Amino acid sequence: MAPPGPAGALPTSAEPLSRNIFRKFLLTLCSLLTSLYVFYCLAERCHSLSGPVAGLSGGGEEAGAPGRGVLAAGRRELTRWPAAAHRKRLLQLQRARRPRPPVPRDPGDVAAWEEETPGLAASPGGSGAGSSVAEAPTPGTLALLLDEGSKQLPQAIIIGVKKGGTRALLEFLRVHPDVRAVGAEPHFFDRSYDKGLAWYRDLMPRTLDGQITMEKTPSYFVTREAPARISAMSKDTKLIVVVRDPVTRAISDYTQTLSKRPDIPSFESLTFKNRSAGLIDTSWSAIQIGIYAKHLEHWLRHFPLRQLLFVSGERLIRDPAGELGRVQDFLGLKRIITDKHFYFNKTKGFPCLKKPEGSPKPHCLGKTKGRPHPDIDSEALRRLRDFYRPFNRKFYQMTGHDFGWD
């Protein structure tokens, strides 16, 4: 029996004290479990965005960026991030994604990609950024999550030429973090103009401040209405034309058609109206496209020469980094794409990207690119070169550049 306490004091009991301790223990355990659950949820969310999205410090500051928070002080509203932070978050997501193959609208311009292992040890390439085809990766996924970025009409368009190397140029440009491009050819200014600019804009990927929106449709160069229509959209549009020896281009065009229709007549039969007389059939599109000077005249009625850049398809194969340097300068971009981004695949005869679009593996253009050409009669080739020679020389004069096709 416990000894009596001081006068007026109530006797103490161990039982209420034990209950009090147990209650505190349960509260602490529940708090700990709740904290772990919240932390887990936040960690999962951050992981899905490939990095932290917002800091929740008392001042609403972003982690690592004091004073530049996502949450305004005293308000839980998402505000606009600085452009650099936007781009950083966008690149984080794109590096974690693998590009999807394009979905070309023109069956003659299939742009499938295939993985290949380079013959040389490939050092890490560049930053995988930019848009991808048909949107691969998707157009500004992170920007969409943050309700950032907007769809703009293109500031630059690759307008030609078919079988000149337009697909390669576009894919190489996508390595640049400030280039966003739709991959599938929109064919707006030649086939879908009646759908309106709002429809055309909606095809474009979202872009952030400082990024360029681009598209490529090679048939624009030979479409009479295209120059006036593009000028009506914006007189400041920058135009890129990838050109190639017109004889080689015509054979490549024929080879593509032959792969789909093996029963077509021979190249020689289609080239000449009268072979004995050496009369060239300029109504055949494979021949007509290569008369570059004729098509350029239409463009120069609506755009000054300084707004057109002529890229050599031959040099794009021999020295892709050098030609990409010219393109980056023309677009007002920092020269980020360099030799380190390429290796030459001897089997295909084309340069390939070491690490495109943030992929850890090198990629080359698909099997439809670099097809072997059929043997063409040497006399037919000589006559065809004679036919193109005066047009080539006029084209050299108009552009101020000798492409060396003669």
# chains A, B, ... in the order shown; residues from 1 in each chain; ligands from 1

$ select_by_dssp --residues "segment 121-270 of chain A" --states "alpha helix (DSSP H)" --output "VMD selection string"
chain A and resid 141 to 145 166 to 173 197 to 203 226 to 233 246 to 260 267 to 270

$ atom_distance --atom1 "atom CA of Pro246 of chain A" --atom2 "atom CA of Thr166 of chain A"
14.8 Å

$ atom_distance --atom1 "atom CA of Arg393 of chain A" --atom2 "atom CA of Arg318 of chain A"
22.7 Å

$ select_by_dssp --residues "segment 234-400 of chain A" --states "strand (DSSP E or B)" --output "PyMOL selection string"
chain A and resi 238-243+272-274+279-280+308-312+342-345+350-353+363-365

$ closest_residue --among "A:Arg167, A:Ile230, A:Asp190, A:Thr271" --to "Tyr254 of chain A" --atoms "only C-alpha atoms"
A:Thr271

$ residues_around --residues "segment 322-331 of chain A" --least-positions-apart "6" --cutoff "9 Å" --atoms "only C-alpha atoms" --output "PDB file with all heavy atoms, in the first residue's frame"
ATOM      1  N   ALA A 156      10.554  30.259 -89.993  1.00  0.00           N
ATOM      2  CA  ALA A 156      11.464  29.746 -91.023  1.00  0.00           C
ATOM      3  C   ALA A 156      10.855  28.490 -91.629  1.00  0.00           C
ATOM      4  O   ALA A 156      10.252  27.689 -90.921  1.00  0.00           O
ATOM      5  CB  ALA A 156      12.844  29.442 -90.437  1.00  0.00           C
ATOM      6  N   LEU A 169      18.329  17.676 -93.233  1.00  0.00           N
ATOM      7  CA  LEU A 169      18.564  19.003 -92.663  1.00  0.00           C
ATOM      8  C   LEU A 169      17.644  19.261 -91.477  1.00  0.00           C
ATOM      9  O   LEU A 169      18.081  19.757 -90.427  1.00  0.00           O
ATOM     10  CB  LEU A 169      18.360  20.081 -93.728  1.00  0.00           C
ATOM     11  CG  LEU A 169      18.507  21.518 -93.218  1.00  0.00           C
ATOM     12  CD1 LEU A 169      19.912  21.758 -92.685  1.00  0.00           C
ATOM     13  CD2 LEU A 169      18.173  22.524 -94.327  1.00  0.00           C
ATOM     14  N   PHE A 172      18.739  17.191 -88.452  1.00  0.00           N
ATOM     15  CA  PHE A 172      19.966  17.726 -87.869  1.00  0.00           C
ATOM     16  C   PHE A 172      19.670  18.998 -87.066  1.00  0.00           C
ATOM     17  O   PHE A 172      20.217  19.202 -85.981  1.00  0.00           O
ATOM     18  CB  PHE A 172      20.992  18.035 -88.960  1.00  0.00           C
ATOM     19  CG  PHE A 172      21.502  16.822 -89.704  1.00  0.00           C
ATOM     20  CD1 PHE A 172      22.166  16.958 -90.917  1.00  0.00           C
ATOM     21  CD2 PHE A 172      21.305  15.542 -89.211  1.00  0.00           C
ATOM     22  CE1 PHE A 172      22.646  15.844 -91.602  1.00  0.00           C
ATOM     23  CE2 PHE A 172      21.780  14.419 -89.881  1.00  0.00           C
ATOM     24  CZ  PHE A 172      22.448  14.575 -91.089  1.00  0.00           C
ATOM     25  N   LEU A 173      18.790  19.845 -87.589  1.00  0.00           N
ATOM     26  CA  LEU A 173      18.456  21.093 -86.902  1.00  0.00           C
ATOM     27  C   LEU A 173      17.763  20.844 -85.573  1.00  0.00           C
ATOM     28  O   LEU A 173      17.851  21.653 -84.654  1.00  0.00           O
ATOM     29  CB  LEU A 173      17.557  21.966 -87.795  1.00  0.00           C
ATOM     30  CG  LEU A 173      18.256  22.812 -88.857  1.00  0.00           C
ATOM     31  CD1 LEU A 173      17.234  23.487 -89.748  1.00  0.00           C
ATOM     32  CD2 LEU A 173      19.167  23.848 -88.211  1.00  0.00           C
ATOM     33  N   HIS A 176      19.317  21.297 -82.117  1.00  0.00           N
ATOM     34  CA  HIS A 176      19.446  22.614 -81.490  1.00  0.00           C
ATOM     35  C   HIS A 176      18.295  22.854 -80.513  1.00  0.00           C
ATOM     36  O   HIS A 176      17.132  22.680 -80.868  1.00  0.00           O
ATOM     37  CB  HIS A 176      19.452  23.706 -82.556  1.00  0.00           C
ATOM     38  CG  HIS A 176      20.099  24.974 -82.111  1.00  0.00           C
ATOM     39  ND1 HIS A 176      19.543  25.781 -81.133  1.00  0.00           N
ATOM     40  CD2 HIS A 176      21.260  25.580 -82.483  1.00  0.00           C
ATOM     41  CE1 HIS A 176      20.334  26.822 -80.939  1.00  0.00           C
ATOM     42  NE2 HIS A 176      21.383  26.724 -81.732  1.00  0.00           N
ATOM     43  N   ILE A 212      12.609  29.060 -82.205  1.00  0.00           N
ATOM     44  CA  ILE A 212      12.125  29.267 -83.572  1.00  0.00           C
ATOM     45  C   ILE A 212      11.193  28.129 -83.962  1.00  0.00           C
ATOM     46  O   ILE A 212      11.507  26.962 -83.731  1.00  0.00           O
ATOM     47  CB  ILE A 212      13.308  29.348 -84.560  1.00  0.00           C
ATOM     48  CG1 ILE A 212      14.134  30.611 -84.302  1.00  0.00           C
ATOM     49  CG2 ILE A 212      12.813  29.336 -86.001  1.00  0.00           C
ATOM     50  CD1 ILE A 212      15.349  30.725 -85.214  1.00  0.00           C
ATOM     51  N   LYS A 238      11.888  33.439 -93.051  1.00  0.00           N
ATOM     52  CA  LYS A 238      13.170  33.010 -93.616  1.00  0.00           C
ATOM     53  C   LYS A 238      12.962  31.696 -94.356  1.00  0.00           C
ATOM     54  O   LYS A 238      12.305  30.785 -93.841  1.00  0.00           O
ATOM     55  CB  LYS A 238      14.213  32.851 -92.513  1.00  0.00           C
ATOM     56  CG  LYS A 238      14.575  34.179 -91.853  1.00  0.00           C
ATOM     57  CD  LYS A 238      15.697  34.022 -90.841  1.00  0.00           C
ATOM     58  CE  LYS A 238      16.079  35.378 -90.258  1.00  0.00           C
ATOM     59  NZ  LYS A 238      17.212  35.273 -89.305  1.00  0.00           N
ATOM     60  N   ILE A 240      14.570  28.416 -96.571  1.00  0.00           N
ATOM     61  CA  ILE A 240      15.759  27.587 -96.787  1.00  0.00           C
ATOM     62  C   ILE A 240      15.478  26.635 -97.944  1.00  0.00           C
ATOM     63  O   ILE A 240      14.439  25.968 -97.969  1.00  0.00           O
ATOM     64  CB  ILE A 240      16.116  26.789 -95.529  1.00  0.00           C
ATOM     65  CG1 ILE A 240      16.404  27.748 -94.360  1.00  0.00           C
ATOM     66  CG2 ILE A 240      17.318  25.881 -95.779  1.00  0.00           C
ATOM     67  CD1 ILE A 240      16.661  27.042 -93.045  1.00  0.00           C
ATOM     68  N   GLN A 307      16.684  36.851 -97.702  1.00  0.00           N
ATOM     69  CA  GLN A 307      15.815  36.027 -96.864  1.00  0.00           C
ATOM     70  C   GLN A 307      15.777  34.567 -97.312  1.00  0.00           C
ATOM     71  O   GLN A 307      15.028  33.765 -96.751  1.00  0.00           O
ATOM     72  CB  GLN A 307      14.390  36.591 -96.844  1.00  0.00           C
ATOM     73  CG  GLN A 307      14.229  37.736 -95.874  1.00  0.00           C
ATOM     74  CD  GLN A 307      12.818  38.292 -95.846  1.00  0.00           C
ATOM     75  OE1 GLN A 307      12.605  39.489 -96.047  1.00  0.00           O
ATOM     76  NE2 GLN A 307      11.837  37.440 -95.606  1.00  0.00           N
ATOM     77  N   LEU A 308      16.588  34.232 -98.316  1.00  0.00           N
ATOM     78  CA  LEU A 308      16.683  32.856 -98.771  1.00  0.00           C
ATOM     79  C   LEU A 308      18.091  32.335 -98.539  1.00  0.00           C
ATOM     80  O   LEU A 308      19.076  33.023 -98.822  1.00  0.00           O
ATOM     81  CB  LEU A 308      16.331  32.728-100.253  1.00  0.00           C
ATOM     82  CG  LEU A 308      14.859  32.880-100.628  1.00  0.00           C
ATOM     83  CD1 LEU A 308      14.538  34.323-100.967  1.00  0.00           C
ATOM     84  CD2 LEU A 308      14.502  31.993-101.819  1.00  0.00           C
ATOM     85  N   LEU A 309      18.187  31.131 -98.008  1.00  0.00           N
ATOM     86  CA  LEU A 309      19.477  30.472 -97.836  1.00  0.00           C
ATOM     87  C   LEU A 309      19.471  29.209 -98.684  1.00  0.00           C
ATOM     88  O   LEU A 309      18.550  28.394 -98.598  1.00  0.00           O
ATOM     89  CB  LEU A 309      19.717  30.104 -96.376  1.00  0.00           C
ATOM     90  CG  LEU A 309      21.017  29.341 -96.107  1.00  0.00           C
ATOM     91  CD1 LEU A 309      22.225  30.255 -96.312  1.00  0.00           C
ATOM     92  CD2 LEU A 309      21.039  28.755 -94.695  1.00  0.00           C
ATOM     93  N   VAL A 311      21.206  25.779 -99.393  1.00  0.00           N
ATOM     94  CA  VAL A 311      22.057  24.767 -98.768  1.00  0.00           C
ATOM     95  C   VAL A 311      22.457  23.741 -99.813  1.00  0.00           C
ATOM     96  O   VAL A 311      21.609  23.244-100.566  1.00  0.00           O
ATOM     97  CB  VAL A 311      21.311  24.078 -97.601  1.00  0.00           C
ATOM     98  CG1 VAL A 311      22.143  22.937 -97.021  1.00  0.00           C
ATOM     99  CG2 VAL A 311      20.948  25.095 -96.525  1.00  0.00           C
ATOM    100  N   SER A 312      23.732  23.415 -99.866  1.00  0.00           N
ATOM    101  CA  SER A 312      24.221  22.413-100.813  1.00  0.00           C
ATOM    102  C   SER A 312      23.943  21.007-100.280  1.00  0.00           C
ATOM    103  O   SER A 312      24.438  20.631 -99.212  1.00  0.00           O
ATOM    104  CB  SER A 312      25.720  22.600-101.036  1.00  0.00           C
ATOM    105  OG  SER A 312      26.262  21.474-101.720  1.00  0.00           O
ATOM    106  N   ARG A 315      27.230  19.105-100.002  1.00  0.00           N
ATOM    107  CA  ARG A 315      28.060  19.479 -98.852  1.00  0.00           C
ATOM    108  C   ARG A 315      27.413  19.031 -97.544  1.00  0.00           C
ATOM    109  O   ARG A 315      28.107  18.759 -96.559  1.00  0.00           O
ATOM    110  CB  ARG A 315      28.290  20.995 -98.830  1.00  0.00           C
ATOM    111  CG  ARG A 315      29.357  21.383 -97.815  1.00  0.00           C
ATOM    112  CD  ARG A 315      29.674  22.849 -97.816  1.00  0.00           C
ATOM    113  NE  ARG A 315      30.634  23.155 -96.754  1.00  0.00           N
ATOM    114  CZ  ARG A 315      30.611  24.253 -96.015  1.00  0.00           C
ATOM    115  NH1 ARG A 315      29.659  25.150 -96.198  1.00  0.00           N
ATOM    116  NH2 ARG A 315      31.524  24.456 -95.091  1.00  0.00           N
ATOM    117  N   LEU A 316      26.092  18.933 -97.527  1.00  0.00           N
ATOM    118  CA  LEU A 316      25.399  18.465 -96.332  1.00  0.00           C
ATOM    119  C   LEU A 316      25.814  17.031 -96.008  1.00  0.00           C
ATOM    120  O   LEU A 316      25.785  16.610 -94.849  1.00  0.00           O
ATOM    121  CB  LEU A 316      23.888  18.544 -96.549  1.00  0.00           C
ATOM    122  CG  LEU A 316      22.987  18.356 -95.327  1.00  0.00           C
ATOM    123  CD1 LEU A 316      23.267  19.430 -94.292  1.00  0.00           C
ATOM    124  CD2 LEU A 316      21.528  18.375 -95.735  1.00  0.00           C
ATOM    125  N   ILE A 337      25.334  23.072 -82.973  1.00  0.00           N
ATOM    126  CA  ILE A 337      25.519  21.822 -83.721  1.00  0.00           C
ATOM    127  C   ILE A 337      26.892  21.852 -84.384  1.00  0.00           C
ATOM    128  O   ILE A 337      27.168  22.708 -85.234  1.00  0.00           O
ATOM    129  CB  ILE A 337      24.413  21.654 -84.781  1.00  0.00           C
ATOM    130  CG1 ILE A 337      23.034  21.811 -84.142  1.00  0.00           C
ATOM    131  CG2 ILE A 337      24.522  20.298 -85.465  1.00  0.00           C
ATOM    132  CD1 ILE A 337      21.895  21.886 -85.154  1.00  0.00           C
ATOM    133  N   THR A 338      27.744  20.916 -84.001  1.00  0.00           N
ATOM    134  CA  THR A 338      29.121  20.888 -84.494  1.00  0.00           C
ATOM    135  C   THR A 338      29.497  19.474 -84.926  1.00  0.00           C
ATOM    136  O   THR A 338      28.661  18.568 -84.942  1.00  0.00           O
ATOM    137  CB  THR A 338      30.095  21.367 -83.402  1.00  0.00           C
ATOM    138  OG1 THR A 338      29.990  20.483 -82.277  1.00  0.00           O
ATOM    139  CG2 THR A 338      29.745  22.784 -82.944  1.00  0.00           C
ATOM    140  N   ASP A 339      30.774  19.294 -85.232  1.00  0.00           N
ATOM    141  CA  ASP A 339      31.270  17.984 -85.689  1.00  0.00           C
ATOM    142  C   ASP A 339      30.995  16.872 -84.684  1.00  0.00           C
ATOM    143  O   ASP A 339      30.827  15.712 -85.069  1.00  0.00           O
ATOM    144  CB  ASP A 339      32.786  18.050 -85.946  1.00  0.00           C
ATOM    145  CG  ASP A 339      33.121  18.803 -87.227  1.00  0.00           C
ATOM    146  OD1 ASP A 339      32.331  18.710 -88.180  1.00  0.00           O
ATOM    147  OD2 ASP A 339      34.154  19.493 -87.261  1.00  0.00           O
TER     148      ASP A 339
END

$ atom_distance --atom1 "atom CA of Gly313 of chain A" --atom2 "atom CA of Lys235 of chain A"
26.1 Å

$ residues_around --residues "segment 193-195 of chain A" --least-positions-apart "6" --cutoff "10 Å" --atoms "only C-alpha atoms" --output "JSON, numbers by chain"
{"A": [187, 225, 226, 229]}

$ residues_around --residues "Gly290 of chain A" --least-positions-apart "2" --cutoff "8 Å" --atoms "only C-alpha atoms" --output "compact mmCIF listing (two decimals) with N, CA and C atoms, in the first residue's frame"
# COMPACT_ATOMS: atom_id res chain seq x y z
N ASP A 245 22.70 18.58 -107.31
CA ASP A 245 22.91 18.41 -108.75
C ASP A 245 21.60 17.92 -109.39
N PRO A 246 21.01 18.70 -110.30
CA PRO A 246 19.70 18.34 -110.84
C PRO A 246 19.65 16.99 -111.55
N VAL A 247 20.79 16.55 -112.11
CA VAL A 247 20.80 15.24 -112.76
C VAL A 247 20.71 14.14 -111.70
N ARG A 249 19.61 14.50 -108.71
CA ARG A 249 18.31 14.64 -108.06
C ARG A 249 17.22 13.94 -108.86
N ALA A 250 17.24 14.10 -110.20
CA ALA A 250 16.24 13.47 -111.07
C ALA A 250 16.31 11.95 -110.98
N ALA A 286 10.23 15.02 -112.54
CA ALA A 286 11.60 14.73 -112.12
C ALA A 286 12.60 15.64 -112.83
N ILE A 287 12.28 16.04 -114.05
CA ILE A 287 13.13 16.96 -114.81
C ILE A 287 12.81 18.40 -114.44
N GLN A 288 11.55 18.71 -114.34
CA GLN A 288 11.10 20.09 -114.12
C GLN A 288 11.59 20.66 -112.80
N TYR A 292 16.11 24.97 -111.37
CA TYR A 292 16.02 25.81 -110.19
C TYR A 292 15.85 27.29 -110.49
N TYR A 388 20.74 20.88 -118.58
CA TYR A 388 20.70 21.64 -117.33
C TYR A 388 21.76 22.73 -117.24

$ closest_residue --among "A:Phe310, A:Phe39, A:Trp199, A:Phe272" --to "Ile158 of chain A" --atoms "only C-alpha atoms"
A:Phe310
